[in-house]
>>> print(open('start-v8.txt').read())   # compact mmCIF, C-alpha atoms
# COMPACT_ATOMS: atom_id res chain seq x y z
CA MET A 1 62.76 27.29 -14.44
CA ASN A 2 65.60 28.27 -16.75
CA ALA A 3 67.99 25.78 -18.34
CA SER A 4 70.79 26.47 -15.87
CA ALA A 5 68.55 25.83 -12.86
CA ALA A 6 67.13 22.73 -14.52
CA ASP A 7 70.62 21.36 -15.13
CA ALA A 8 71.64 22.09 -11.53
CA LEU A 9 68.51 20.39 -10.21
CA ALA A 10 69.09 17.32 -12.37
CA ALA A 11 72.71 17.04 -11.22
CA VAL A 12 71.79 17.34 -7.53
CA LYS A 13 68.99 14.80 -7.78
CA ASP A 14 71.10 12.37 -9.77
CA ALA A 15 74.02 12.46 -7.33
CA ASP A 16 71.65 12.20 -4.37
CA ARG A 17 69.93 9.17 -5.81
CA LYS A 18 73.20 7.42 -6.67
CA HIS A 19 75.32 8.20 -3.63
CA VAL A 20 73.45 9.58 -0.58
CA PHE A 21 72.09 7.10 1.94
CA HIS A 22 69.28 8.83 3.84
CA SER A 23 68.43 8.25 7.50
CA TRP A 24 65.20 6.64 8.71
CA SER A 25 64.19 5.78 5.14
CA ALA A 26 63.65 2.98 2.66
CA GLN A 27 66.02 4.34 0.05
CA GLU A 28 64.00 3.55 -3.08
CA LEU A 29 60.74 4.90 -1.65
CA ILE A 30 61.82 8.50 -1.07
CA ASP A 31 62.23 11.53 -3.32
CA PRO A 32 63.95 14.28 -1.32
CA LEU A 33 63.23 17.89 -2.24
CA ALA A 34 66.33 19.56 -3.67
CA VAL A 35 66.96 22.80 -1.79
CA ALA A 36 68.69 25.64 -3.65
CA GLY A 37 68.97 28.16 -0.83
CA ALA A 38 67.58 29.54 2.42
CA GLU A 39 67.32 32.76 4.39
CA GLY A 40 65.50 33.72 7.56
CA SER A 41 62.39 31.60 8.01
CA TYR A 42 62.31 30.38 4.37
CA PHE A 43 64.05 27.96 2.04
CA TRP A 44 63.41 27.43 -1.67
CA ASP A 45 63.81 24.82 -4.37
CA TYR A 46 65.42 25.04 -7.81
CA GLU A 47 62.13 26.08 -9.38
CA GLY A 48 62.04 29.08 -7.06
CA LYS A 49 59.18 27.87 -4.88
CA ARG A 50 59.59 29.24 -1.39
CA TYR A 51 58.62 27.32 1.74
CA LEU A 52 57.95 28.89 5.12
CA ASP A 53 59.80 26.53 7.43
CA PHE A 54 57.57 25.62 10.38
CA SER A 55 60.05 22.88 11.33
CA SER A 56 63.25 24.96 11.78
CA ALA A 57 64.98 22.22 9.76
CA LEU A 58 64.86 19.59 12.53
CA VAL A 59 64.03 22.07 15.29
CA TYR A 60 67.42 23.72 15.31
CA THR A 61 67.51 26.88 13.14
CA ASN A 62 66.47 28.92 16.17
CA ILE A 63 67.74 32.17 14.64
CA GLY A 64 66.67 31.22 11.11
CA TYR A 65 68.82 30.46 8.10
CA GLN A 66 71.92 32.43 7.10
CA HIS A 67 72.00 35.01 9.88
CA PRO A 68 74.71 37.38 8.58
CA LYS A 69 76.47 37.85 11.92
CA VAL A 70 76.83 34.10 12.45
CA THR A 71 77.95 33.30 8.90
CA ALA A 72 80.49 36.13 9.17
CA ALA A 73 81.81 34.72 12.46
CA ILE A 74 82.30 31.30 10.84
CA GLN A 75 84.10 32.86 7.89
CA GLU A 76 86.35 34.95 10.15
CA GLN A 77 87.20 31.94 12.32
CA ALA A 78 87.97 29.82 9.23
CA ALA A 79 90.40 32.46 8.01
CA ARG A 80 92.13 32.60 11.42
CA LEU A 81 92.10 28.98 12.65
CA CYS A 82 89.92 26.26 11.08
CA THR A 83 90.63 23.49 13.55
CA VAL A 84 92.83 22.37 16.42
CA ALA A 85 92.84 19.25 18.59
CA PRO A 86 90.43 19.25 21.55
CA GLY A 87 93.21 18.99 24.13
CA PHE A 88 94.32 22.58 23.58
CA ALA A 89 92.86 25.67 25.23
CA VAL A 90 91.47 27.90 22.49
CA ASP A 91 89.89 31.33 22.91
CA VAL A 92 86.68 30.66 20.97
CA ARG A 93 86.10 27.29 22.66
CA SER A 94 86.62 28.79 26.10
CA GLU A 95 84.29 31.68 25.28
CA ALA A 96 81.57 29.35 23.99
CA ALA A 97 81.77 27.32 27.19
CA ARG A 98 81.66 30.48 29.32
CA LEU A 99 78.61 31.85 27.51
CA ILE A 100 76.76 28.53 27.80
CA ALA A 101 77.63 28.13 31.48
CA ARG A 102 76.39 31.67 32.14
CA ARG A 103 72.93 30.60 30.92
CA THR A 104 72.63 27.11 32.40
CA PRO A 105 70.77 26.75 35.72
CA GLY A 106 72.44 26.19 39.08
CA ASP A 107 76.09 25.13 39.16
CA LEU A 108 76.20 23.51 35.72
CA ASP A 109 79.39 25.39 34.99
CA ARG A 110 81.61 22.83 33.23
CA ILE A 111 80.93 22.06 29.57
CA PHE A 112 81.92 18.86 27.75
CA PHE A 113 81.54 19.49 24.02
CA THR A 114 80.25 16.90 21.57
CA ASN A 115 79.31 16.98 17.89
CA GLY A 116 75.57 16.70 18.52
CA GLY A 117 72.75 15.70 20.79
CA ALA A 118 73.03 11.91 20.71
CA GLU A 119 76.70 12.09 21.69
CA ALA A 120 75.75 14.45 24.51
CA VAL A 121 73.29 11.87 25.82
CA GLU A 122 75.85 9.07 25.45
CA ASN A 123 78.39 10.97 27.52
CA ALA A 124 75.90 12.15 30.13
CA VAL A 125 74.89 8.54 30.76
CA ARG A 126 78.54 7.47 30.94
CA MET A 127 79.26 10.21 33.47
CA ALA A 128 76.25 9.23 35.57
CA ARG A 129 77.25 5.57 35.64
CA LEU A 130 80.84 6.34 36.56
CA HIS A 131 79.80 8.89 39.19
CA THR A 132 77.38 6.50 40.92
CA GLY A 133 78.96 3.13 40.13
CA ARG A 134 75.51 1.89 39.11
CA PRO A 135 74.45 0.33 35.78
CA LYS A 136 70.77 1.15 35.10
CA VAL A 137 69.24 4.23 33.50
CA LEU A 138 65.50 5.02 33.53
CA SER A 139 63.85 6.83 30.63
CA ALA A 140 60.29 7.48 29.50
CA TYR A 141 58.41 5.53 26.86
CA ARG A 142 57.33 8.74 25.14
CA SER A 143 60.82 10.04 24.43
CA TYR A 144 63.53 10.46 21.85
CA HIS A 145 67.18 10.82 22.87
CA GLY A 146 69.14 10.11 19.67
CA ALA A 147 70.23 7.34 17.36
CA THR A 148 73.60 6.24 18.75
CA SER A 149 73.75 2.95 20.63
CA THR A 150 72.88 4.06 24.17
CA ALA A 151 70.69 6.96 23.07
CA ILE A 152 68.49 4.81 20.83
CA ASN A 153 67.98 2.30 23.63
CA LEU A 154 67.00 5.15 25.95
CA THR A 155 64.54 6.35 23.33
CA GLY A 156 61.00 5.24 23.95
CA ASP A 157 59.36 5.82 20.57
CA ALA A 158 59.10 3.36 17.71
CA ARG A 159 62.48 4.25 16.22
CA ARG A 160 63.93 2.15 19.03
CA PHE A 161 62.34 -1.05 17.75
CA GLY A 162 64.87 -1.89 15.05
CA ASN A 163 67.84 -1.04 17.27
CA ASP A 164 66.94 -2.16 20.79
CA SER A 165 69.56 -4.61 22.03
CA ALA A 166 67.81 -5.24 25.37
CA THR A 167 71.27 -5.23 26.92
CA ALA A 168 71.81 -1.51 27.46
CA GLY A 169 70.73 -1.38 31.11
CA VAL A 170 67.73 0.78 30.20
CA VAL A 171 64.37 0.59 31.97
CA HIS A 172 61.42 2.52 30.54
CA PHE A 173 58.60 4.07 32.53
CA TRP A 174 55.46 6.07 31.78
CA GLY A 175 55.75 9.82 32.11
CA PRO A 176 52.74 12.12 32.52
CA PHE A 177 50.54 12.86 29.51
CA ALA A 178 47.11 13.95 30.67
CA TYR A 179 45.51 13.89 27.21
CA ARG A 180 46.32 10.18 26.82
CA SER A 181 46.84 9.34 30.46
CA PRO A 182 48.31 5.91 31.22
CA PHE A 183 47.13 6.49 34.81
CA TYR A 184 43.42 7.20 34.14
CA SER A 185 43.81 10.60 35.73
CA ALA A 186 41.02 13.15 35.79
CA SER A 187 43.23 16.24 36.10
CA GLU A 188 46.77 17.52 35.53
CA ALA A 189 47.43 17.44 39.29
CA GLU A 190 46.28 13.84 39.54
CA GLU A 191 48.36 12.91 36.48
CA CYS A 192 51.43 14.43 38.11
CA GLU A 193 50.85 12.65 41.42
CA ARG A 194 50.25 9.26 39.81
CA ALA A 195 53.17 9.60 37.38
CA LEU A 196 55.54 10.34 40.26
CA ALA A 197 54.18 7.39 42.25
CA HIS A 198 54.71 5.16 39.21
CA LEU A 199 58.28 6.40 38.78
CA GLU A 200 59.07 5.77 42.43
CA ASP A 201 57.59 2.27 42.18
CA THR A 202 59.80 1.64 39.15
CA ILE A 203 62.89 2.81 41.05
CA VAL A 204 62.03 0.69 44.09
CA PHE A 205 61.27 -2.47 42.12
CA GLU A 206 64.38 -2.07 39.96
CA GLY A 207 66.48 -1.56 43.09
CA PRO A 208 67.57 2.02 43.82
CA GLN A 209 71.12 0.83 44.44
CA SER A 210 71.30 -0.21 40.77
CA VAL A 211 69.90 2.99 39.19
CA ALA A 212 72.49 5.50 38.00
CA ALA A 213 70.24 8.05 36.34
CA VAL A 214 66.80 9.17 35.32
CA ILE A 215 66.82 10.99 31.97
CA LEU A 216 63.93 13.11 30.73
CA GLU A 217 63.34 15.60 27.96
CA THR A 218 62.48 18.83 29.77
CA VAL A 219 59.67 19.20 27.24
CA GLY A 220 59.08 16.04 25.23
CA GLY A 221 60.06 16.87 21.65
CA ALA A 222 59.62 14.14 19.06
CA PRO A 223 56.93 12.38 21.17
CA GLY A 224 54.62 15.35 20.73
CA VAL A 225 55.71 18.54 22.52
CA LEU A 226 54.75 17.11 25.89
CA VAL A 227 54.76 19.87 28.51
CA HIS A 228 55.08 18.29 31.94
CA PRO A 229 52.45 19.26 34.52
CA ALA A 230 53.41 21.65 37.30
CA GLY A 231 55.37 19.88 40.00
CA TYR A 232 56.45 16.88 37.96
CA LEU A 233 60.06 17.79 37.25
CA ALA A 234 60.50 19.04 40.81
CA GLY A 235 59.09 15.71 41.99
CA VAL A 236 61.57 13.78 39.84
CA ARG A 237 64.36 15.94 41.23
CA GLU A 238 63.26 15.03 44.77
CA LEU A 239 63.11 11.31 43.96
CA CYS A 240 66.60 11.42 42.47
CA ASP A 241 67.92 13.19 45.56
CA ARG A 242 66.19 10.70 47.86
CA TYR A 243 67.71 7.66 46.15
CA GLY A 244 71.10 9.09 45.18
CA ILE A 245 70.27 9.03 41.46
CA VAL A 246 71.69 11.43 38.86
CA PHE A 247 69.00 13.57 37.20
CA VAL A 248 69.68 14.21 33.51
CA LEU A 249 67.66 16.66 31.45
CA ASP A 250 67.78 16.38 27.68
CA GLU A 251 67.42 19.91 26.26
CA VAL A 252 68.83 19.07 22.85
CA MET A 253 65.61 20.20 21.16
CA VAL A 254 64.30 22.78 23.62
CA GLY A 255 67.40 24.65 24.78
CA PHE A 256 68.46 28.12 23.63
CA GLY A 257 65.17 29.94 23.37
CA ARG A 258 62.90 27.34 21.85
CA THR A 259 60.38 27.44 24.74
CA GLY A 260 60.79 31.15 25.49
CA LYS A 261 63.55 30.59 28.05
CA TRP A 262 67.25 30.02 27.53
CA PHE A 263 66.66 26.53 28.91
CA ALA A 264 63.24 24.97 29.43
CA ALA A 265 64.14 23.92 32.98
CA GLU A 266 63.75 27.59 33.94
CA HIS A 267 59.97 27.29 33.51
CA TRP A 268 59.87 25.01 36.55
CA ASP A 269 62.92 26.29 38.46
CA VAL A 270 64.56 22.85 38.36
CA THR A 271 68.29 22.16 38.13
CA PRO A 272 69.47 18.75 36.91
CA ASP A 273 72.86 17.20 37.61
CA LEU A 274 73.62 16.96 33.90
CA LEU A 275 72.05 18.90 31.03
CA CYS A 276 72.39 17.82 27.39
CA PHE A 277 72.26 20.44 24.63
CA ALA A 278 72.87 20.81 20.88
CA LYS A 279 70.82 22.17 17.95
CA GLY A 280 69.94 25.73 18.98
CA VAL A 281 73.33 26.37 20.61
CA ASN A 282 74.50 27.65 17.22
CA SER A 283 71.32 27.26 15.18
CA GLY A 284 72.77 24.13 13.62
CA TYR A 285 75.15 26.10 11.41
CA VAL A 286 78.06 23.80 12.34
CA PRO A 287 77.45 20.57 14.31
CA LEU A 288 77.85 21.12 18.06
CA GLY A 289 76.42 19.66 21.25
CA GLY A 290 77.49 19.10 24.78
CA VAL A 291 76.85 18.28 28.41
CA ALA A 292 76.68 20.90 31.14
CA ILE A 293 78.03 19.28 34.30
CA SER A 294 77.32 19.96 37.97
CA GLY A 295 80.09 20.63 40.45
CA ALA A 296 79.62 17.29 42.22
CA ILE A 297 79.95 15.26 39.04
CA ALA A 298 82.83 17.35 37.75
CA GLU A 299 84.62 16.66 41.04
CA THR A 300 84.40 12.90 40.35
CA PHE A 301 86.83 13.46 37.49
CA ALA A 302 89.08 16.01 39.17
CA THR A 303 91.90 13.50 39.67
CA ARG A 304 90.31 10.50 37.95
CA PRO A 305 90.50 10.60 34.14
CA TYR A 306 87.19 10.75 32.33
CA PRO A 307 87.23 7.81 29.90
CA GLY A 308 85.66 9.53 26.93
CA GLY A 309 86.42 12.01 24.21
CA LEU A 310 85.80 13.02 20.62
CA THR A 311 88.20 14.02 17.87
CA TYR A 312 86.14 17.11 17.07
CA SER A 313 85.05 17.99 20.61
CA GLY A 314 84.57 21.74 20.71
CA HIS A 315 85.46 22.23 17.05
CA VAL A 316 86.50 25.85 16.69
CA LEU A 317 84.21 26.62 13.74
CA ALA A 318 81.25 25.25 15.67
CA CYS A 319 82.27 27.18 18.79
CA ALA A 320 82.65 30.39 16.77
CA ALA A 321 79.12 29.86 15.50
CA ALA A 322 77.93 29.28 19.08
CA VAL A 323 79.54 32.46 20.38
CA ALA A 324 78.00 34.46 17.54
CA THR A 325 74.59 32.81 17.92
CA ILE A 326 74.35 33.37 21.68
CA THR A 327 75.52 36.97 21.20
CA VAL A 328 72.89 37.54 18.49
CA MET A 329 70.19 36.03 20.67
CA GLU A 330 71.12 38.40 23.49
CA GLU A 331 71.47 41.50 21.30
CA GLU A 332 68.24 40.90 19.38
CA GLY A 333 66.16 39.64 22.31
CA ILE A 334 65.34 36.42 20.47
CA VAL A 335 64.55 34.38 23.60
CA GLU A 336 62.07 37.02 24.70
CA GLN A 337 60.65 37.17 21.17
CA SER A 338 60.10 33.41 21.24
CA ALA A 339 58.12 33.77 24.47
CA ARG A 340 55.99 36.59 23.05
CA THR A 341 55.37 34.74 19.80
CA GLY A 342 54.08 31.75 21.72
CA ALA A 343 51.93 33.71 24.13
CA GLU A 344 50.52 36.27 21.69
CA LEU A 345 50.53 34.62 18.26
CA LEU A 346 51.12 30.87 18.03
CA GLY A 347 49.20 29.80 21.13
CA PRO A 348 46.07 31.88 20.42
CA GLY A 349 46.28 31.18 16.68
CA LEU A 350 46.55 27.41 17.06
CA ARG A 351 43.74 27.33 19.62
CA ALA A 352 41.56 29.29 17.20
CA LEU A 353 42.28 26.69 14.52
CA ALA A 354 41.31 23.94 16.97
CA GLU A 355 37.93 25.57 17.50
CA ARG A 356 37.24 25.47 13.76
CA HIS A 357 38.65 22.04 12.89
CA PRO A 358 37.30 18.81 14.39
CA SER A 359 40.54 16.99 13.52
CA VAL A 360 42.40 18.90 16.26
CA GLY A 361 42.13 17.08 19.56
CA GLU A 362 44.60 19.11 21.62
CA VAL A 363 46.90 22.11 21.32
CA ARG A 364 49.97 22.26 23.56
CA GLY A 365 53.28 24.06 23.67
CA LEU A 366 55.48 26.91 24.82
CA GLY A 367 57.37 29.66 23.03
CA THR A 368 57.97 28.61 19.42
CA PHE A 369 57.41 24.92 20.14
CA TRP A 370 53.85 23.61 19.71
CA ALA A 371 51.96 20.54 18.59
CA LEU A 372 48.49 19.81 17.29
CA GLU A 373 47.25 16.35 18.22
CA LEU A 374 45.16 15.22 15.25
CA VAL A 375 42.28 12.82 15.87
CA ARG A 376 39.52 11.01 14.04
CA ASP A 377 37.10 11.53 16.89
CA ARG A 378 37.38 14.22 19.55
CA ALA A 379 35.11 12.33 21.91
CA THR A 380 37.13 9.10 21.92
CA ARG A 381 40.47 10.80 21.11
CA GLU A 382 41.20 8.13 18.51
CA PRO A 383 44.37 9.27 16.70
CA LEU A 384 44.04 10.34 13.07
CA VAL A 385 46.45 7.51 12.21
CA PRO A 386 47.53 4.50 14.29
CA TYR A 387 50.75 4.45 16.31
CA ASN A 388 53.80 4.00 14.04
CA ALA A 389 51.57 4.07 10.95
CA ALA A 390 53.07 3.58 7.50
CA GLY A 391 51.82 3.25 3.94
CA ALA A 392 48.05 3.28 3.52
CA ASP A 393 47.54 3.53 7.30
CA ASN A 394 49.34 6.87 7.26
CA ALA A 395 47.44 8.27 4.27
CA PRO A 396 45.50 10.96 6.21
CA MET A 397 48.69 12.45 7.65
CA ALA A 398 50.45 12.20 4.28
CA ALA A 399 47.58 14.08 2.63
CA PHE A 400 47.66 16.73 5.36
CA ALA A 401 51.43 17.22 4.95
CA ALA A 402 51.07 17.43 1.15
CA ALA A 403 48.44 20.15 1.56
CA CYS A 404 50.83 22.14 3.75
CA LYS A 405 53.60 21.89 1.18
CA LYS A 406 51.27 22.82 -1.66
CA GLY A 407 50.46 25.99 0.27
CA GLY A 408 54.16 26.83 0.69
CA LEU A 409 54.48 25.68 4.31
CA TRP A 410 57.04 23.05 5.29
CA PRO A 411 55.54 20.99 8.13
CA LEU A 412 57.09 18.74 10.76
CA THR A 413 54.75 15.78 11.14
CA ALA A 414 55.26 12.91 13.57
CA GLY A 415 52.72 10.17 14.06
CA ASN A 416 49.30 11.78 14.33
CA ARG A 417 50.72 15.23 15.11
CA ILE A 418 52.05 18.31 13.45
CA HIS A 419 54.79 20.03 15.43
CA VAL A 420 54.85 23.78 14.94
CA ALA A 421 58.43 24.93 15.49
CA PRO A 422 59.37 27.92 13.33
CA PRO A 423 62.54 29.91 13.98
CA CYS A 424 62.42 31.66 17.36
CA ASN A 425 62.73 35.03 15.60
CA ILE A 426 59.98 34.44 13.03
CA ALA A 427 58.18 37.62 12.00
CA ALA A 428 54.55 38.14 13.05
CA ASP A 429 53.29 38.29 9.46
CA ASP A 430 54.99 34.97 8.72
CA VAL A 431 53.26 33.42 11.73
CA ALA A 432 49.95 34.62 10.33
CA LYS A 433 50.81 33.29 6.88
CA GLY A 434 51.75 29.89 8.30
CA LEU A 435 48.60 29.64 10.40
CA ALA A 436 46.48 30.42 7.34
CA VAL A 437 48.09 27.56 5.38
CA LEU A 438 47.68 25.25 8.37
CA GLY A 439 43.99 26.09 8.45
CA GLU A 440 43.58 25.10 4.81
CA ALA A 441 45.52 21.86 5.34
CA LEU A 442 43.49 20.94 8.42
CA SER A 443 40.41 20.87 6.22
CA VAL A 444 42.06 17.87 4.53
CA ALA A 445 42.50 16.19 7.92
CA ASP A 446 38.90 17.04 8.83
CA ALA A 447 37.73 14.86 5.96
CA HIS A 448 38.96 11.82 7.89
CA THR A 449 37.05 12.58 11.10
CA VAL A 450 33.86 10.85 12.16
>>> encode(input="start-v8.txt", output="C-alpha cells")
Amino acid sequence: MNASAADALAAVKDADRKHVFHSWSAQELIDPLAVAGAEGSYFWDYEGKRYLDFSSALVYTNIGYQHPKVTAAIQEQAARLCTVAPGFAVDVRSEAARLIARRTPGDLDRIFFTNGGAEAVENAVRMARLHTGRPKVLSAYRSYHGATSTAINLTGDARRFGNDSATAGVVHFWGPFAYRSPFYSASEAEECERALAHLEDTIVFEGPQSVAAVILETVGGAPGVLVHPAGYLAGVRELCDRYGIVFVLDEVMVGFGRTGKWFAAEHWDVTPDLLCFAKGVNSGYVPLGGVAISGAIAETFATRPYPGGLTYSGHVLACAAAVATITVMEEEGIVEQSARTGAELLGPGLRALAERHPSVGEVRGLGTFWALELVRDRATREPLVPYNAAGADNAPMAAFAAACKKGGLWPLTAGNRIHVAPPCNIAADDVAKGLAVLGEALSVADAHTV
C-alpha cells in the first residue's frame, strides 16, 4: 500500500471511530473494514484486496455495484432536478410507480413510496389497520421486518428482544420450517397442513374480529432463506379471505429478481393485499422502498385522507435509479439469469459442498438466494452455534467467516447459517470462485462437528 492510500485509510478509520455510530453493534468491539471502491460483484479495501461479495451488501445490490447505466441515470437526474416535495406529480416518480405496478401481481397497481423496507412495513400495517378497523397483526417467529417501532415488534428473531414494547398489538405464530419443525412433521406436506392449522387456531383464539393483518416474508430472509412448502402461502391467503384479514407480503429482501422471479409471490401464484418492497428496486443505489396497494385498500382512501407520509417519499434521485434499474434488468435479462444461476450453478454447487462437508445440515434456496444450515451433528441437527450466540459461543461461526474473508469472499452469516446472496447478474466463473472459497471455509466449520 502506497503512502497516499495509507493516509486515506488512516483518515477514514479515524473519522469512523470518532464519529460513526454503527447499527446492531457494541461500538468499542467492532473494527469495520474500510472500503475504497466497488464494481460488479466485487468491492476492495485500501490495500487493494478484492472481495467477491456473496452478500450483495445487505441483499440489495441485485445488479451489482456501479452499473454504468444506473449511475448515469442518477447523474442525469441530479443535473435536471435533484429533489421536489412528494405532493407534486413528477415524471420520474410516475414512471417508477408505473414500472413497479407493471411487475407486481394481481391488482397491486398503486404505489406508496417510502425510504426503505422498514417504513414500507410500517405503512402497510397502518393501512391494514385503518382498512379493517382492527388492532392486531400476526407475524411469524422466524422473521425480520425492520428496525422501526412497529417493524421491530413484528420481527420474530432475537433483534426484537431489546426493542419489544409488548404494546404493539403484535401476535407471533410459528410458520413452517420442515428442517426444524415446531409441529413434529414427517414431510413438507404435513408441515404445511399443521402450520396452517396452527395459524388458524391462533386467529380463532385471538379473535378474528380483532386481527387486521397477517404479514409474512414471501421467502424468509434473515431467519435463514426459508422457502415455504407448496400450498402454504395459498392457504394463508384463503384464511385471510375467510376471516376478512389483510394479507401482507414482505418482499423487501426477495423482490426484483432475487429468487428468479420479479416477485417471489409468483412462484406460488399468490397475490397479497399489500406488498412491501425496497432494496432491489434500485439495487440500493439511492434509498427507496414502498408498498404496492390493492384496489380494495386504495379505495378506502379514495375520499378519506391517508394519515401518513414522508418528506422524501418518492425522492426523484431514488426513482431515477429505480427506472434505470428495472430497465436494465429487463434489457439484460437479469431476472432470468438469477433463475438460471440458482438452478444450474448455485443449487447444484451448494448441494455438492453439502455432500463433502459434515457441517452442512441443509441447503435451501431459489435464484440467487440460498442458505447453508451449519450443524455440529447431522443426525441430531444440533446447530453449529446456539441461538443468538455471541462471544465464545459464536467462535465456530466467527472462524468460518474469517476463513471466507481470508479467501477473498465476503460472507453473510446469521446465527448458524451462511446466506449465499450474490448479485443476481453474477458471472458463472465468479460463482465457481465463490463456491471454491466456501468449500475451503467449510473445512473450518467441519472441525467443530462431532
>>> residues_around(input="start-v8.txt", residues="A:Thr167", least_positions_apart="5", cutoff="12 Å", atoms="all atoms listed in the file", output="tab-separated table (two decimals) with C-alpha atoms, in the coordinates of the input")
chain	number	residue	atom	x	y	z
A	135	PRO	CA	74.45	0.33	35.78
A	136	LYS	CA	70.77	1.15	35.10
A	137	VAL	CA	69.24	4.23	33.50
A	149	SER	CA	73.75	2.95	20.63
A	150	THR	CA	72.88	4.06	24.17
A	153	ASN	CA	67.98	2.30	23.63
A	154	LEU	CA	67.00	5.15	25.95
>>> atom_distance(input="start-v8.txt", atom1="atom CA of A:Arg80", atom2="atom CA of A:Gly314")
16.2 Å
>>> residues_around(input="start-v8.txt", residues="A:Cys192", least_positions_apart="2", cutoff="10 Å", atoms="all atoms listed in the file", output="number ranges by chain")
A: 175-178, 183, 185, 187-190, 194-198, 228-233, 235
>>> residues_around(input="start-v8.txt", residues="stretch 114-127 of chain A", least_positions_apart="6", cutoff="8 Å", atoms="only C-alpha atoms", output="ChimeraX atom specification")
/A:137,145-148,150-151,213,248,250,252,274-279,287-291,297,308,310,312-314
>>> atom_distance(input="start-v8.txt", atom1="atom CA of A:Gln66", atom2="atom CA of A:Met329")
14.1 Å
>>> residues_around(input="start-v8.txt", residues="A:Pro272", least_positions_apart="6", cutoff="9 Å", atoms="only C-alpha atoms", output="PDB file with C-alpha atoms, in the frame of the given file")
ATOM      1  CA  PRO A 105      70.770  26.750  35.720  1.00  0.00           C
ATOM      2  CA  GLY A 106      72.440  26.190  39.080  1.00  0.00           C
ATOM      3  CA  LEU A 108      76.200  23.510  35.720  1.00  0.00           C
ATOM      4  CA  ARG A 237      64.360  15.940  41.230  1.00  0.00           C
ATOM      5  CA  VAL A 246      71.690  11.430  38.860  1.00  0.00           C
ATOM      6  CA  PHE A 247      69.000  13.570  37.200  1.00  0.00           C
ATOM      7  CA  VAL A 248      69.680  14.210  33.510  1.00  0.00           C
ATOM      8  CA  LEU A 249      67.660  16.660  31.450  1.00  0.00           C
ATOM      9  CA  ALA A 265      64.140  23.920  32.980  1.00  0.00           C
ATOM     10  CA  ILE A 293      78.030  19.280  34.300  1.00  0.00           C
ATOM     11  CA  SER A 294      77.320  19.960  37.970  1.00  0.00           C
TER      12      SER A 294
END
>>> atom_distance(input="start-v8.txt", atom1="atom CA of A:Ala140", atom2="atom CA of A:Trp174")
5.5 Å
>>> closest_residue(input="start-v8.txt", among="A:Thr303, A:His315, A:Ala101, A:Phe205", to="A:Ala89", atoms="all atoms listed in the file")
A:His315
>>> closest_residue(input="start-v8.txt", among="A:Ser143, A:Thr155, A:Ser165, A:Ser94", to="A:Gly220", atoms="only C-alpha atoms")
A:Ser143
>>> closest_residue(input="start-v8.txt", among="A:Arg364, A:Arg378, A:Arg102, A:Lys49", to="A:Arg417", atoms="all atoms listed in the file")
A:Arg364
>>> residues_around(input="start-v8.txt", residues="A:Gly156", least_positions_apart="5", cutoff="8 Å", atoms="only C-alpha atoms", output="PyMOL selection string")
chain A and resi 139-144+172
>>> residues_near_point(input="start-v8.txt", point="(54.2, 27.7, 3.0)", cutoff="12 Å", atoms="only C-alpha atoms", output="JSON, numbers by chain")
{"A": [41, 42, 43, 44, 49, 50, 51, 52, 53, 54, 55, 401, 402, 403, 404, 405, 406, 407, 408, 409, 410, 411, 422, 430, 431, 432, 433, 434, 435, 436, 437, 438, 439, 440, 441]}
>>> closest_residue(input="start-v8.txt", among="A:Phe263, A:Tyr60, A:Tyr285, A:Tyr179", to="A:Glu382", atoms="all atoms listed in the file")
A:Tyr179
>>> closest_residue(input="start-v8.txt", among="A:Tyr306, A:Phe161, A:Phe369, A:Phe256", to="A:Arg103", atoms="only C-alpha atoms")
A:Phe256
>>> closest_residue(input="start-v8.txt", among="A:Thr413, A:Thr449, A:Thr325, A:Gln27", to="A:Arg376", atoms="all atoms listed in the file")
A:Thr449
